[in-house]
>>> print(open('protein13.tsv').read())   # TSV, C-alpha atoms (C1' of nucleotides)
chain	number	residue	atom	x	y	z
A	20	MET	CA	-91.43	-17.92	-90.91
A	21	LYS	CA	-95.12	-17.64	-90.28
A	22	ILE	CA	-97.18	-17.52	-93.48
A	23	LEU	CA	-100.86	-16.77	-93.80
A	24	PHE	CA	-102.50	-17.96	-96.99
A	25	MET	CA	-105.50	-16.37	-98.64
A	26	GLY	CA	-107.24	-17.88	-101.63
A	27	THR	CA	-110.38	-19.53	-102.84
A	28	PRO	CA	-110.53	-21.65	-106.03
A	29	GLU	CA	-108.56	-24.58	-107.35
A	30	PHE	CA	-105.76	-22.33	-108.60
A	31	ALA	CA	-105.25	-21.10	-105.04
A	32	ARG	CA	-105.43	-24.60	-103.65
A	33	GLU	CA	-102.51	-25.51	-105.85
A	34	GLN	CA	-100.43	-22.74	-104.27
A	35	LEU	CA	-101.47	-23.68	-100.76
A	36	SER	CA	-100.64	-27.33	-101.17
A	37	ALA	CA	-97.20	-26.38	-102.51
A	38	LEU	CA	-96.58	-24.26	-99.43
A	39	TRP	CA	-97.83	-26.98	-97.13
A	40	GLU	CA	-95.89	-29.83	-98.69
A	41	ASN	CA	-92.65	-27.86	-98.61
A	42	ARG	CA	-93.07	-26.17	-95.26
A	43	GLU	CA	-90.47	-28.29	-93.53
A	44	THR	CA	-87.88	-27.84	-96.26
A	45	TYR	CA	-88.09	-24.08	-96.00
A	46	GLY	CA	-88.98	-23.73	-92.35
A	47	TRP	CA	-92.42	-22.28	-92.91
A	48	GLU	CA	-95.32	-22.36	-90.56
A	49	ILE	CA	-98.69	-22.08	-92.26
A	50	VAL	CA	-100.67	-20.27	-89.62
A	51	GLY	CA	-103.96	-20.31	-91.45
A	52	ALA	CA	-105.91	-20.31	-94.69
A	53	VAL	CA	-108.37	-17.53	-95.36
A	54	SER	CA	-111.03	-18.30	-97.94
A	55	GLN	CA	-114.34	-16.91	-99.12
A	56	PRO	CA	-117.34	-17.83	-96.97
A	57	ASP	CA	-119.36	-20.81	-98.15
A	58	LYS	CA	-122.42	-19.72	-100.02
A	59	PRO	CA	-125.49	-21.62	-101.04
A	60	LYS	CA	-124.68	-22.56	-104.60
A	61	GLY	CA	-125.63	-24.95	-107.26
A	62	ARG	CA	-128.67	-27.14	-107.61
A	63	GLY	CA	-130.78	-27.07	-104.51
A	64	TYR	CA	-128.65	-24.28	-103.03
A	65	LYS	CA	-126.26	-26.60	-101.32
A	66	MET	CA	-123.38	-25.13	-99.39
A	67	ILE	CA	-120.23	-25.82	-101.35
A	68	PRO	CA	-116.91	-25.39	-99.52
A	69	THR	CA	-114.11	-23.74	-101.50
A	70	PRO	CA	-111.24	-25.92	-102.75
A	71	VAL	CA	-108.87	-24.07	-100.43
A	72	LYS	CA	-111.08	-24.77	-97.44
A	73	THR	CA	-111.44	-28.43	-98.31
A	74	TYR	CA	-107.71	-28.87	-98.70
A	75	ALA	CA	-106.81	-26.88	-95.61
A	76	GLN	CA	-109.14	-28.93	-93.46
A	77	SER	CA	-107.84	-32.18	-94.88
A	78	VAL	CA	-104.29	-31.39	-93.76
A	79	GLY	CA	-105.24	-29.60	-90.57
A	80	ILE	CA	-104.64	-25.97	-91.44
A	81	ALA	CA	-106.92	-23.55	-89.58
A	82	VAL	CA	-109.53	-22.07	-91.91
A	83	TYR	CA	-110.95	-18.57	-91.63
A	84	GLN	CA	-113.83	-17.31	-93.74
A	85	PRO	CA	-114.49	-13.70	-92.79
A	86	GLU	CA	-117.37	-11.92	-94.50
A	87	ARG	CA	-115.31	-8.76	-94.45
A	88	VAL	CA	-111.57	-8.20	-94.36
A	89	LYS	CA	-111.92	-4.50	-93.78
A	90	ASP	CA	-113.20	-4.57	-90.24
A	91	GLU	CA	-111.47	-4.74	-86.90
A	92	ALA	CA	-112.17	-8.39	-86.38
A	93	PHE	CA	-109.93	-9.37	-89.24
A	94	LEU	CA	-107.13	-7.11	-88.06
A	95	ALA	CA	-107.46	-8.68	-84.66
A	96	LEU	CA	-107.12	-12.09	-86.25
A	97	LEU	CA	-103.99	-10.91	-88.06
A	98	ALA	CA	-102.50	-9.73	-84.81
A	99	GLU	CA	-103.23	-13.07	-83.26
A	100	LEU	CA	-101.75	-15.13	-86.09
A	101	ASP	CA	-98.96	-12.62	-86.62
A	102	PRO	CA	-97.80	-13.75	-90.08
A	103	ALA	CA	-94.50	-12.47	-91.44
A	104	LEU	CA	-95.79	-12.95	-94.97
A	105	ILE	CA	-99.24	-13.16	-96.50
A	106	VAL	CA	-99.55	-15.15	-99.72
A	107	VAL	CA	-102.64	-14.38	-101.74
A	108	ALA	CA	-103.90	-16.28	-104.78
A	109	ALA	CA	-107.30	-15.65	-106.31
A	110	TYR	CA	-108.83	-14.76	-102.99
A	111	GLY	CA	-111.65	-12.73	-104.47
A	112	LYS	CA	-111.64	-9.65	-102.30
A	113	MET	CA	-109.56	-6.51	-102.26
A	114	LEU	CA	-107.43	-6.19	-99.13
A	115	PRO	CA	-107.36	-2.91	-97.20
A	116	GLU	CA	-104.07	-1.11	-96.69
A	117	ALA	CA	-104.03	-1.98	-93.04
A	118	VAL	CA	-103.78	-5.63	-93.99
A	119	LEU	CA	-101.26	-5.04	-96.76
A	120	ALA	CA	-99.04	-3.17	-94.35
A	121	TYR	CA	-99.13	-5.70	-91.55
A	122	PRO	CA	-96.68	-8.49	-92.43
A	123	LYS	CA	-92.97	-7.88	-92.15
A	124	TYR	CA	-92.32	-9.25	-95.62
A	125	GLY	CA	-95.52	-7.85	-97.08
A	126	CYS	CA	-98.37	-9.38	-99.01
A	127	ILE	CA	-97.53	-11.19	-102.19
A	128	ASN	CA	-99.96	-12.35	-104.82
A	129	VAL	CA	-99.74	-15.04	-107.47
A	130	HIS	CA	-101.56	-13.69	-110.51
A	131	GLY	CA	-102.34	-15.74	-113.61
A	132	SER	CA	-100.98	-13.40	-116.25
A	133	LEU	CA	-97.82	-11.61	-117.24
A	134	LEU	CA	-98.50	-8.29	-115.57
A	135	PRO	CA	-99.23	-5.56	-116.36
A	136	ALA	CA	-101.34	-7.40	-118.94
A	137	TYR	CA	-104.64	-8.91	-117.87
A	138	ARG	CA	-105.07	-7.40	-114.46
A	139	GLY	CA	-108.25	-8.56	-112.80
A	140	ALA	CA	-110.50	-11.50	-112.23
A	141	ALA	CA	-110.17	-13.67	-115.33
A	142	PRO	CA	-106.63	-13.35	-116.69
A	143	ILE	CA	-106.30	-16.91	-117.91
A	144	GLN	CA	-109.58	-17.00	-119.80
A	145	ARG	CA	-109.01	-13.57	-121.30
A	146	ALA	CA	-105.57	-14.44	-122.60
A	147	MET	CA	-106.96	-17.54	-124.26
A	148	MET	CA	-109.97	-15.71	-125.62
A	149	ASP	CA	-107.63	-13.22	-127.24
A	150	GLY	CA	-105.77	-16.03	-128.94
A	151	MET	CA	-102.53	-15.42	-127.05
A	152	ARG	CA	-99.91	-18.12	-127.54
A	153	VAL	CA	-98.01	-17.38	-124.37
A	154	THR	CA	-98.98	-16.28	-120.90
A	155	GLY	CA	-97.61	-16.85	-117.43
A	156	ASN	CA	-97.86	-16.16	-113.74
A	157	THR	CA	-96.62	-13.07	-112.00
A	158	ILE	CA	-95.84	-12.74	-108.33
A	159	GLN	CA	-96.25	-9.19	-107.12
A	160	TYR	CA	-96.14	-7.22	-103.93
A	161	MET	CA	-99.75	-6.29	-103.48
A	162	ALA	CA	-100.57	-2.63	-103.73
A	163	LYS	CA	-103.71	-0.62	-103.30
A	164	GLY	CA	-104.98	-0.95	-106.87
A	165	MET	CA	-106.11	-4.12	-108.56
A	166	ASP	CA	-103.03	-6.15	-109.50
A	167	THR	CA	-100.91	-3.01	-109.74
A	168	GLY	CA	-98.16	-4.01	-107.35
A	169	ASP	CA	-94.45	-4.20	-108.01
A	170	ILE	CA	-93.35	-7.37	-109.78
A	171	ILE	CA	-91.10	-9.83	-108.00
A	172	SER	CA	-90.96	-12.73	-110.42
A	173	CYS	CA	-92.80	-14.35	-113.27
A	174	ASP	CA	-92.82	-17.52	-115.33
A	175	ARG	CA	-93.84	-18.37	-118.85
A	176	VAL	CA	-96.57	-20.76	-119.90
A	177	GLU	CA	-97.26	-21.56	-123.54
A	178	ILE	CA	-100.84	-21.96	-124.66
A	179	GLY	CA	-101.58	-24.87	-126.97
A	180	GLU	CA	-103.49	-24.19	-130.16
A	181	ASN	CA	-106.37	-26.42	-129.21
A	182	GLU	CA	-105.88	-26.37	-125.48
A	183	ASP	CA	-108.87	-25.45	-123.37
A	184	PHE	CA	-109.14	-23.34	-120.28
A	185	GLY	CA	-109.36	-26.31	-117.94
A	186	SER	CA	-106.03	-27.66	-119.09
A	187	LEU	CA	-104.29	-24.31	-119.08
A	188	TYR	CA	-105.72	-23.42	-115.69
A	189	ASP	CA	-104.35	-26.61	-114.28
A	190	ARG	CA	-100.88	-26.02	-115.74
A	191	MET	CA	-100.90	-22.40	-114.65
A	192	GLY	CA	-101.68	-23.40	-111.11
A	193	LYS	CA	-98.81	-25.88	-110.98
A	194	SER	CA	-96.40	-23.51	-112.65
A	195	GLY	CA	-97.41	-20.72	-110.29
A	196	ALA	CA	-96.78	-22.97	-107.34
A	197	LYS	CA	-93.25	-23.69	-108.55
A	198	LEU	CA	-92.63	-20.02	-108.99
A	199	LEU	CA	-93.92	-19.37	-105.50
A	200	LEU	CA	-91.52	-21.88	-104.02
A	201	LYS	CA	-88.61	-20.11	-105.69
A	202	THR	CA	-89.81	-16.63	-104.87
A	203	ILE	CA	-90.57	-16.81	-101.17
A	204	PRO	CA	-87.03	-17.80	-100.12
A	205	ALA	CA	-85.70	-14.89	-102.18
A	206	ILE	CA	-88.03	-12.56	-100.33
A	207	GLU	CA	-86.96	-13.99	-97.03
A	208	ASN	CA	-83.25	-13.59	-97.65
A	209	GLY	CA	-83.59	-10.22	-99.30
A	210	THR	CA	-82.52	-11.15	-102.81
A	211	ALA	CA	-85.92	-10.70	-104.41
A	212	CYS	CA	-86.27	-8.20	-107.24
A	213	ARG	CA	-88.82	-5.45	-107.20
A	214	THR	CA	-89.87	-3.89	-110.50
A	215	ALA	CA	-92.65	-1.37	-110.89
A	216	GLN	CA	-95.32	-2.10	-113.46
A	217	ASP	CA	-95.64	0.06	-116.53
A	218	ASP	CA	-99.20	1.26	-116.16
A	219	ALA	CA	-99.26	2.43	-119.77
A	220	CYS	CA	-99.13	-1.19	-120.91
A	221	ALA	CA	-101.77	-2.42	-118.51
A	222	THR	CA	-104.86	-4.24	-119.72
A	223	ILE	CA	-107.86	-5.39	-117.76
A	224	ALA	CA	-109.28	-8.92	-117.64
A	225	PRO	CA	-112.77	-8.57	-116.19
A	226	LYS	CA	-114.66	-11.60	-115.03
A	227	ILE	CA	-116.56	-13.55	-117.66
A	228	GLU	CA	-120.13	-12.38	-118.16
A	229	LYS	CA	-122.94	-14.65	-119.16
A	230	ALA	CA	-123.61	-12.71	-122.34
A	231	GLU	CA	-120.08	-13.42	-123.54
A	232	CYS	CA	-120.82	-17.11	-123.60
A	233	ALA	CA	-123.22	-16.75	-126.52
A	234	LEU	CA	-121.65	-17.64	-129.86
A	235	ASP	CA	-122.00	-15.34	-132.84
A	236	PHE	CA	-121.30	-17.30	-135.98
A	237	SER	CA	-120.76	-14.23	-138.08
A	238	LEU	CA	-117.39	-13.96	-136.35
A	239	PRO	CA	-114.36	-15.64	-137.91
A	240	ALA	CA	-113.84	-19.25	-136.88
A	241	GLU	CA	-110.68	-18.41	-135.00
A	242	ALA	CA	-112.49	-15.99	-132.69
A	243	LEU	CA	-115.18	-18.58	-132.05
A	244	HIS	CA	-112.61	-21.28	-131.43
A	245	ASN	CA	-110.77	-19.11	-128.93
A	246	ARG	CA	-113.98	-18.30	-127.15
A	247	ILE	CA	-115.16	-21.89	-127.01
A	248	ARG	CA	-111.93	-23.20	-125.52
A	249	ALA	CA	-111.57	-20.26	-123.13
A	250	LEU	CA	-114.98	-21.11	-121.70
A	251	SER	CA	-114.43	-24.86	-121.51
A	252	PRO	CA	-115.04	-26.80	-119.34
A	253	ALA	CA	-116.99	-24.04	-117.60
A	254	PRO	CA	-119.15	-22.09	-118.00
A	255	LEU	CA	-119.17	-23.21	-121.67
A	256	ALA	CA	-120.09	-21.31	-124.79
A	257	TYR	CA	-123.67	-21.82	-125.84
A	258	THR	CA	-125.84	-21.39	-128.86
A	259	THR	CA	-129.08	-22.71	-130.25
A	260	LEU	CA	-129.19	-25.60	-132.68
A	261	TYR	CA	-132.11	-25.71	-135.09
A	262	HIS	CA	-132.52	-29.37	-135.89
A	263	GLN	CA	-135.16	-29.88	-138.55
A	264	GLY	CA	-136.42	-26.48	-137.56
A	265	THR	CA	-136.77	-27.30	-133.88
A	266	PRO	CA	-134.64	-25.14	-131.59
A	267	MET	CA	-132.50	-26.76	-128.94
A	268	ARG	CA	-130.20	-25.07	-126.51
A	269	ILE	CA	-126.72	-26.53	-126.73
A	270	LYS	CA	-123.30	-25.81	-125.34
A	271	ILE	CA	-120.11	-26.24	-127.31
A	272	ALA	CA	-117.29	-27.77	-125.29
A	273	ALA	CA	-114.55	-28.14	-127.88
A	274	SER	CA	-113.74	-27.30	-131.47
A	275	VAL	CA	-110.96	-27.25	-134.03
A	276	MET	CA	-110.43	-24.93	-136.96
A	277	GLY	CA	-112.21	-26.21	-140.05
A	278	ASP	CA	-111.04	-26.65	-143.59
A	279	THR	CA	-111.24	-23.26	-145.25
A	280	ALA	CA	-110.82	-24.50	-148.78
A	281	ASP	CA	-114.17	-26.21	-148.81
A	282	THR	CA	-116.54	-23.47	-147.74
A	283	ASP	CA	-119.88	-22.66	-149.22
A	284	ALA	CA	-119.86	-18.95	-150.00
A	285	SER	CA	-123.63	-18.85	-150.19
A	286	ALA	CA	-124.17	-20.53	-146.83
A	287	VAL	CA	-125.48	-18.40	-144.03
A	288	CYS	CA	-123.16	-18.21	-141.03
A	289	GLY	CA	-124.07	-20.92	-138.56
A	290	THR	CA	-125.19	-23.42	-141.18
A	291	VAL	CA	-124.01	-27.00	-140.77
A	292	LEU	CA	-121.97	-27.68	-143.89
A	293	SER	CA	-120.98	-31.26	-143.27
A	294	LEU	CA	-120.77	-33.88	-140.58
A	295	ASP	CA	-118.46	-36.75	-139.97
A	296	ALA	CA	-119.37	-38.97	-137.08
A	297	LYS	CA	-116.16	-40.95	-137.47
A	298	LYS	CA	-113.92	-37.91	-137.42
A	299	ASN	CA	-116.07	-36.44	-134.70
A	300	GLU	CA	-116.81	-33.22	-136.51
A	301	ILE	CA	-119.74	-30.93	-137.10
A	302	ARG	CA	-118.45	-28.38	-139.58
A	303	VAL	CA	-120.14	-25.01	-139.46
A	304	GLN	CA	-119.96	-21.96	-141.68
A	305	CYS	CA	-118.49	-18.94	-139.89
A	306	GLY	CA	-117.67	-15.36	-140.81
A	307	ASN	CA	-115.05	-14.30	-143.37
A	308	GLY	CA	-115.42	-17.54	-145.29
A	309	SER	CA	-114.03	-19.60	-142.45
A	310	THR	CA	-115.36	-22.82	-140.97
A	311	LEU	CA	-115.23	-24.36	-137.54
A	312	CYS	CA	-115.51	-28.01	-136.55
A	313	MET	CA	-117.27	-28.65	-133.30
A	314	THR	CA	-115.89	-31.73	-131.64
A	315	ALA	CA	-117.65	-31.92	-128.28
A	316	VAL	CA	-121.01	-30.64	-127.16
A	317	VAL	CA	-123.29	-30.58	-124.14
A	318	PRO	CA	-126.97	-30.89	-125.06
A	319	GLU	CA	-129.50	-29.58	-122.60
A	320	GLY	CA	-130.04	-32.00	-119.76
A	321	LYS	CA	-127.09	-34.15	-120.78
A	322	GLY	CA	-123.43	-34.30	-120.06
A	323	ARG	CA	-120.51	-33.61	-122.35
A	324	MET	CA	-120.31	-35.92	-125.34
A	325	HIS	CA	-118.28	-36.27	-128.49
A	326	ALA	CA	-119.72	-34.65	-131.58
A	327	GLY	CA	-119.83	-38.05	-133.27
A	328	ASP	CA	-122.08	-39.48	-130.58
A	329	PHE	CA	-124.30	-36.46	-130.80
A	330	ILE	CA	-124.61	-36.83	-134.55
A	331	ARG	CA	-125.50	-40.51	-134.29
A	332	GLY	CA	-127.99	-40.17	-131.51
A	333	ARG	CA	-129.78	-37.03	-132.63
A	334	LYS	CA	-129.46	-37.57	-136.35
A	335	ILE	CA	-128.05	-34.13	-137.04
A	336	ALA	CA	-127.83	-33.43	-140.77
A	337	PRO	CA	-126.46	-30.79	-143.16
A	338	GLY	CA	-128.96	-27.99	-143.35
A	339	ASP	CA	-129.50	-27.84	-139.62
A	340	TRP	CA	-128.11	-24.60	-138.32
A	341	PHE	CA	-126.76	-22.84	-135.28
A	342	GLY	CA	-127.76	-19.35	-134.26
A	343	ASP	CA	-130.12	-17.33	-132.14
B	76	C	C1'	-138.21	-27.74	-99.77
B	77	G	C1'	-135.80	-22.28	-105.87
B	78	C	C1'	-137.43	-24.08	-111.40
B	79	G	C1'	-136.81	-27.91	-114.98
B	80	G	C1'	-134.64	-32.24	-117.92
B	81	A	C1'	-132.71	-37.28	-117.84
B	82	G	C1'	-131.44	-42.65	-116.32
B	83	U	C1'	-133.22	-48.60	-122.11
B	84	A	C1'	-126.51	-53.26	-124.91
B	85	G	C1'	-119.70	-50.47	-124.70
B	86	A	C1'	-121.42	-44.91	-126.83
B	87	G	C1'	-125.39	-41.68	-128.44
B	88	C	C1'	-130.69	-42.12	-129.03
B	89	A	C1'	-136.03	-44.13	-130.19
B	90	G	C1'	-140.03	-46.76	-127.93
B	91	C	C1'	-143.75	-44.66	-122.95
B	92	C	C1'	-149.16	-40.52	-124.31
B	93	U	C1'	-152.95	-45.05	-126.81
B	94	G	C1'	-149.64	-51.50	-121.50
B	95	G	C1'	-148.88	-57.30	-124.96
B	96	U	C1'	-142.02	-59.87	-129.85
B	97	A	C1'	-136.17	-54.92	-127.02
B	98	G	C1'	-135.69	-50.98	-131.94
B	99	C	C1'	-132.10	-47.12	-134.57
B	100	U	C1'	-127.06	-44.97	-135.82
B	101	C	C1'	-122.35	-46.70	-134.27
B	102	G	C1'	-118.86	-49.75	-131.69
B	103	U	C1'	-117.36	-54.86	-130.84
B	104	C	C1'	-116.60	-60.24	-132.56
B	105	G	C1'	-116.59	-63.70	-136.86
B	106	G	C1'	-116.82	-64.21	-142.20
B	107	G	C1'	-116.83	-62.05	-147.32
B	108	C	C1'	-115.34	-58.34	-151.18
B	109	U	C1'	-110.94	-55.30	-152.32
B	110	C	C1'	-104.13	-53.73	-154.24
B	111	A	C1'	-106.21	-51.44	-150.02
B	112	U	C1'	-109.48	-48.85	-146.50
B	113	A	C1'	-112.10	-45.26	-141.46
B	114	A	C1'	-115.68	-47.91	-147.59
B	115	C	C1'	-119.19	-51.96	-148.85
B	116	C	C1'	-121.87	-57.00	-148.03
B	117	C	C1'	-123.30	-61.25	-144.64
B	118	G	C1'	-123.65	-63.25	-139.77
B	119	G	C1'	-123.07	-63.28	-134.22
B	120	A	C1'	-122.53	-61.79	-129.16
B	121	G	C1'	-124.11	-58.23	-125.85
B	122	G	C1'	-129.92	-55.27	-122.09
B	123	U	C1'	-132.37	-57.49	-114.28
B	124	C	C1'	-135.27	-51.12	-119.63
B	125	A	C1'	-131.47	-46.73	-112.52
B	126	U	C1'	-133.37	-49.02	-107.67
B	127	G	C1'	-137.68	-51.00	-104.78
B	128	A	C1'	-139.42	-59.96	-103.63
B	129	G	C1'	-143.57	-51.66	-104.24
B	130	G	C1'	-148.90	-50.56	-106.26
B	131	U	C1'	-152.57	-51.34	-110.47
B	132	U	C1'	-153.12	-55.39	-114.24
B	133	C	C1'	-154.15	-61.69	-117.14
B	134	A	C1'	-149.77	-58.86	-118.72
B	135	A	C1'	-145.51	-53.04	-117.08
B	136	A	C1'	-139.63	-50.19	-120.41
B	137	U	C1'	-144.69	-48.20	-120.91
B	138	C	C1'	-149.61	-46.31	-115.88
B	139	C	C1'	-149.13	-45.02	-110.12
B	140	C	C1'	-145.88	-44.44	-105.61
B	141	A	C1'	-141.10	-44.06	-103.12
B	142	U	C1'	-135.76	-43.85	-103.28
B	143	C	C1'	-130.90	-43.11	-105.59
B	144	U	C1'	-127.81	-40.90	-109.35
B	145	C	C1'	-126.60	-37.47	-113.43
B	146	C	C1'	-127.55	-32.86	-115.89
B	147	G	C1'	-129.56	-27.79	-117.44
B	148	C	C1'	-131.49	-22.99	-115.52
B	149	A	C1'	-131.51	-19.65	-111.69
B	150	A	C1'	-128.34	-17.77	-107.69
>>> encode(input="protein13.tsv", output="structure tokens")
Amino acid sequence: MKILFMGTPEFAREQLSALWENRETYGWEIVGAVSQPDKPKGRGYKMIPTPVKTYAQSVGIAVYQPERVKDEAFLALLAELDPALIVVAAYGKMLPEAVLAYPKYGCINVHGSLLPAYRGAAPIQRAMMDGMRVTGNTIQYMAKGMDTGDIISCDRVEIGENEDFGSLYDRMGKSGAKLLLKTIPAIENGTACRTAQDDACATIAPKIEKAECALDFSLPAEALHNRIRALSPAPLAYTTLYHQGTPMRIKIAASVMGDTADTDASAVCGTVLSLDAKKNEIRVQCGNGSTLCMTAVVPEGKGRMHAGDFIRGRKIAPGDWFGD
RNA sequence: CGCGGAGUAGAGCAGCCUGGUAGCUCGUCGGGCUCAUAACCCGGAGGUCAUGAGGUUCAAAUCCCAUCUCCGCAA
């Protein structure tokens, strides 16, 4: 069976490599990998290839990076490659109906949430930010709307209490790939299920905005903790640290819930209550009488470091405070 | 050439402006105290100060030049 893959980031690369490595077992022919065009990004506006492109090239899969998938040129490419199935994972563009209708077995999509929850661009981060304990991948037949297609299969992935997005993202990608390997044969031999989504239960997971990365210490520690780990290792939650009155922009890479018994009711939210370089903790007053221990930070111009190192090097002390 | 920060001991930092003994908080090693300890006391090892047989100087971590690497912002 001819399969065309479409995807862009690391999550998608995980799916593609699973397809590639098992192509002989299942008799698949990967006819191409479609990925977003390279764009000047990062420091100095260097062109950064997408993970899917890098992988595809390394194993010799043809790479296509159309600016638009809605024009004739892309349909012509489809006709040329003639895939029986299109597998999409975090491609980053909506596909027109003409494309969805082309393959014999349809277009399927690996989505990083248990649909109909968290439809959209950032399902994994949003689930973590909401403090969910369980999420999963869903494979759906793509439909016109955003992640509204009929469900074929899904898996279940538990979210650790102190796990961060990077770790969960990695596990989700691998789990999704396993699911994909089970699902495609079922589609091919006609035993796949097809269940419509209940739109009434749908929720949206929009992409992460910059403004959401700012920490508001009047929130309860749990909300802050969920936000910090959902944004780690990128783009990272940030705040301002006032050290001896001098402001310094700082990102928070990791945290754990603090001891609630030992809070200072009179302390303003954001105040550093105590530090322990050995335990690697900067304990901060948060809303509702809760406290949060920051365990890893990224000071401006520096890389990620343990809170203990930061305390030792910068001589952070109780009375310093976080806020804006 | 988008803007900016940074490279000093295993980690995190200071010193640089106003050149002249390599410093701080830890870690590590050895010893001591203690029922005991991540606590405390004493002692030690560990650094071509990113690179350049560069420039200036009697003398460069420090001033000047070039290169490399890392990072933040902006996209």
>>> interface_residues(input="protein13.tsv", of="chain A", to="chain B", cutoff="8 Å", atoms="only C-alpha atoms (C1' of nucleotides)", output="list of chain:residue names")
A:Lys60, A:Gly61, A:Gly63, A:Tyr64, A:Lys297, A:Glu319, A:Gly320, A:Lys321, A:Gly322, A:Asp328, A:Phe329, A:Ile330, A:Arg331, A:Gly332, A:Arg333, A:Lys334
>>> residues_around(input="protein13.tsv", residues="A:Gly342", least_positions_apart="5", cutoff="9 Å", atoms="all atoms listed in the file", output="JSON, numbers by chain")
{"A": [234, 235, 236, 258, 259, 260, 261, 288, 289, 290]}
>>> atom_distance(input="protein13.tsv", atom1="atom CA of A:Asp295", atom2="atom CA of A:Asp149")
28.9 Å
>>> atom_distance(input="protein13.tsv", atom1="atom CA of A:Arg302", atom2="atom CA of A:Asp278")
8.6 Å
>>> closest_residue(input="protein13.tsv", among="A:Leu23, A:Ile335, A:Ala75, A:Ala326", to="A:Leu292", atoms="only C-alpha atoms")
A:Ile335
>>> residues_around(input="protein13.tsv", residues="A:Lys201", least_positions_apart="3", cutoff="12 Å", atoms="only C-alpha atoms (C1' of nucleotides)", output="PyMOL selection string")
chain A and resi 37-38+41+45+158+171-174+194-198+204-208+210-211
>>> residues_around(input="protein13.tsv", residues="stretch 122-138 of chain B", least_positions_apart="2", cutoff="12 Å", atoms="all atoms listed in the file", output="tab-separated table (two decimals) with C-alpha atoms (C1' of nucleotides), keeping the file's coordinate frame")
chain	number	residue	atom	x	y	z
B	81	A	C1'	-132.71	-37.28	-117.84
B	82	G	C1'	-131.44	-42.65	-116.32
B	83	U	C1'	-133.22	-48.60	-122.11
B	84	A	C1'	-126.51	-53.26	-124.91
B	85	G	C1'	-119.70	-50.47	-124.70
B	90	G	C1'	-140.03	-46.76	-127.93
B	91	C	C1'	-143.75	-44.66	-122.95
B	92	C	C1'	-149.16	-40.52	-124.31
B	93	U	C1'	-152.95	-45.05	-126.81
B	94	G	C1'	-149.64	-51.50	-121.50
B	95	G	C1'	-148.88	-57.30	-124.96
B	97	A	C1'	-136.17	-54.92	-127.02
B	140	C	C1'	-145.88	-44.44	-105.61
B	141	A	C1'	-141.10	-44.06	-103.12
B	142	U	C1'	-135.76	-43.85	-103.28
B	143	C	C1'	-130.90	-43.11	-105.59
B	144	U	C1'	-127.81	-40.90	-109.35
B	145	C	C1'	-126.60	-37.47	-113.43
>>> residues_near_point(input="protein13.tsv", point="(-98.1, -4.3, -107.7)", cutoff="10 Å", atoms="all atoms listed in the file", output="ChimeraX atom specification")
/A:127-128,134-135,157-171,213-216
>>> atom_distance(input="protein13.tsv", atom1="atom CA of A:Tyr257", atom2="atom CA of A:Asp183")
15.4 Å
>>> build_atoms(input="protein13.tsv", residues="stretch 330-337 of chain A", atoms="N, CA, C and O atoms", output="CSV table (one decimal), keeping the file's coordinate frame")
chain,number,residue,atom,x,y,z
A,330,ILE,N,-124.1,-36.7,-133.2
A,330,ILE,CA,-124.6,-36.8,-134.6
A,330,ILE,C,-125.4,-38.1,-134.7
A,330,ILE,O,-126.5,-38.2,-135.2
A,331,ARG,N,-124.8,-39.2,-134.2
A,331,ARG,CA,-125.5,-40.5,-134.3
A,331,ARG,C,-126.8,-40.6,-133.5
A,331,ARG,O,-127.8,-41.0,-134.0
A,332,GLY,N,-126.8,-40.1,-132.3
A,332,GLY,CA,-128.0,-40.2,-131.5
A,332,GLY,C,-129.1,-39.2,-131.9
A,332,GLY,O,-130.3,-39.6,-131.9
A,333,ARG,N,-128.7,-38.0,-132.3
A,333,ARG,CA,-129.8,-37.0,-132.6
A,333,ARG,C,-130.0,-36.9,-134.1
A,333,ARG,O,-130.9,-36.1,-134.5
A,334,LYS,N,-129.3,-37.6,-134.9
A,334,LYS,CA,-129.5,-37.6,-136.4
A,334,LYS,C,-129.4,-36.2,-136.9
A,334,LYS,O,-130.2,-35.7,-137.7
A,335,ILE,N,-128.3,-35.5,-136.5
A,335,ILE,CA,-128.0,-34.1,-137.0
A,335,ILE,C,-127.7,-34.3,-138.5
A,335,ILE,O,-127.0,-35.3,-138.9
A,336,ALA,N,-128.1,-33.3,-139.3
A,336,ALA,CA,-127.8,-33.4,-140.8
A,336,ALA,C,-127.4,-32.1,-141.3
A,336,ALA,O,-127.7,-31.0,-140.8
A,337,PRO,N,-126.8,-32.1,-142.5
A,337,PRO,CA,-126.5,-30.8,-143.2
A,337,PRO,C,-127.8,-30.0,-143.4
A,337,PRO,O,-128.8,-30.6,-143.7
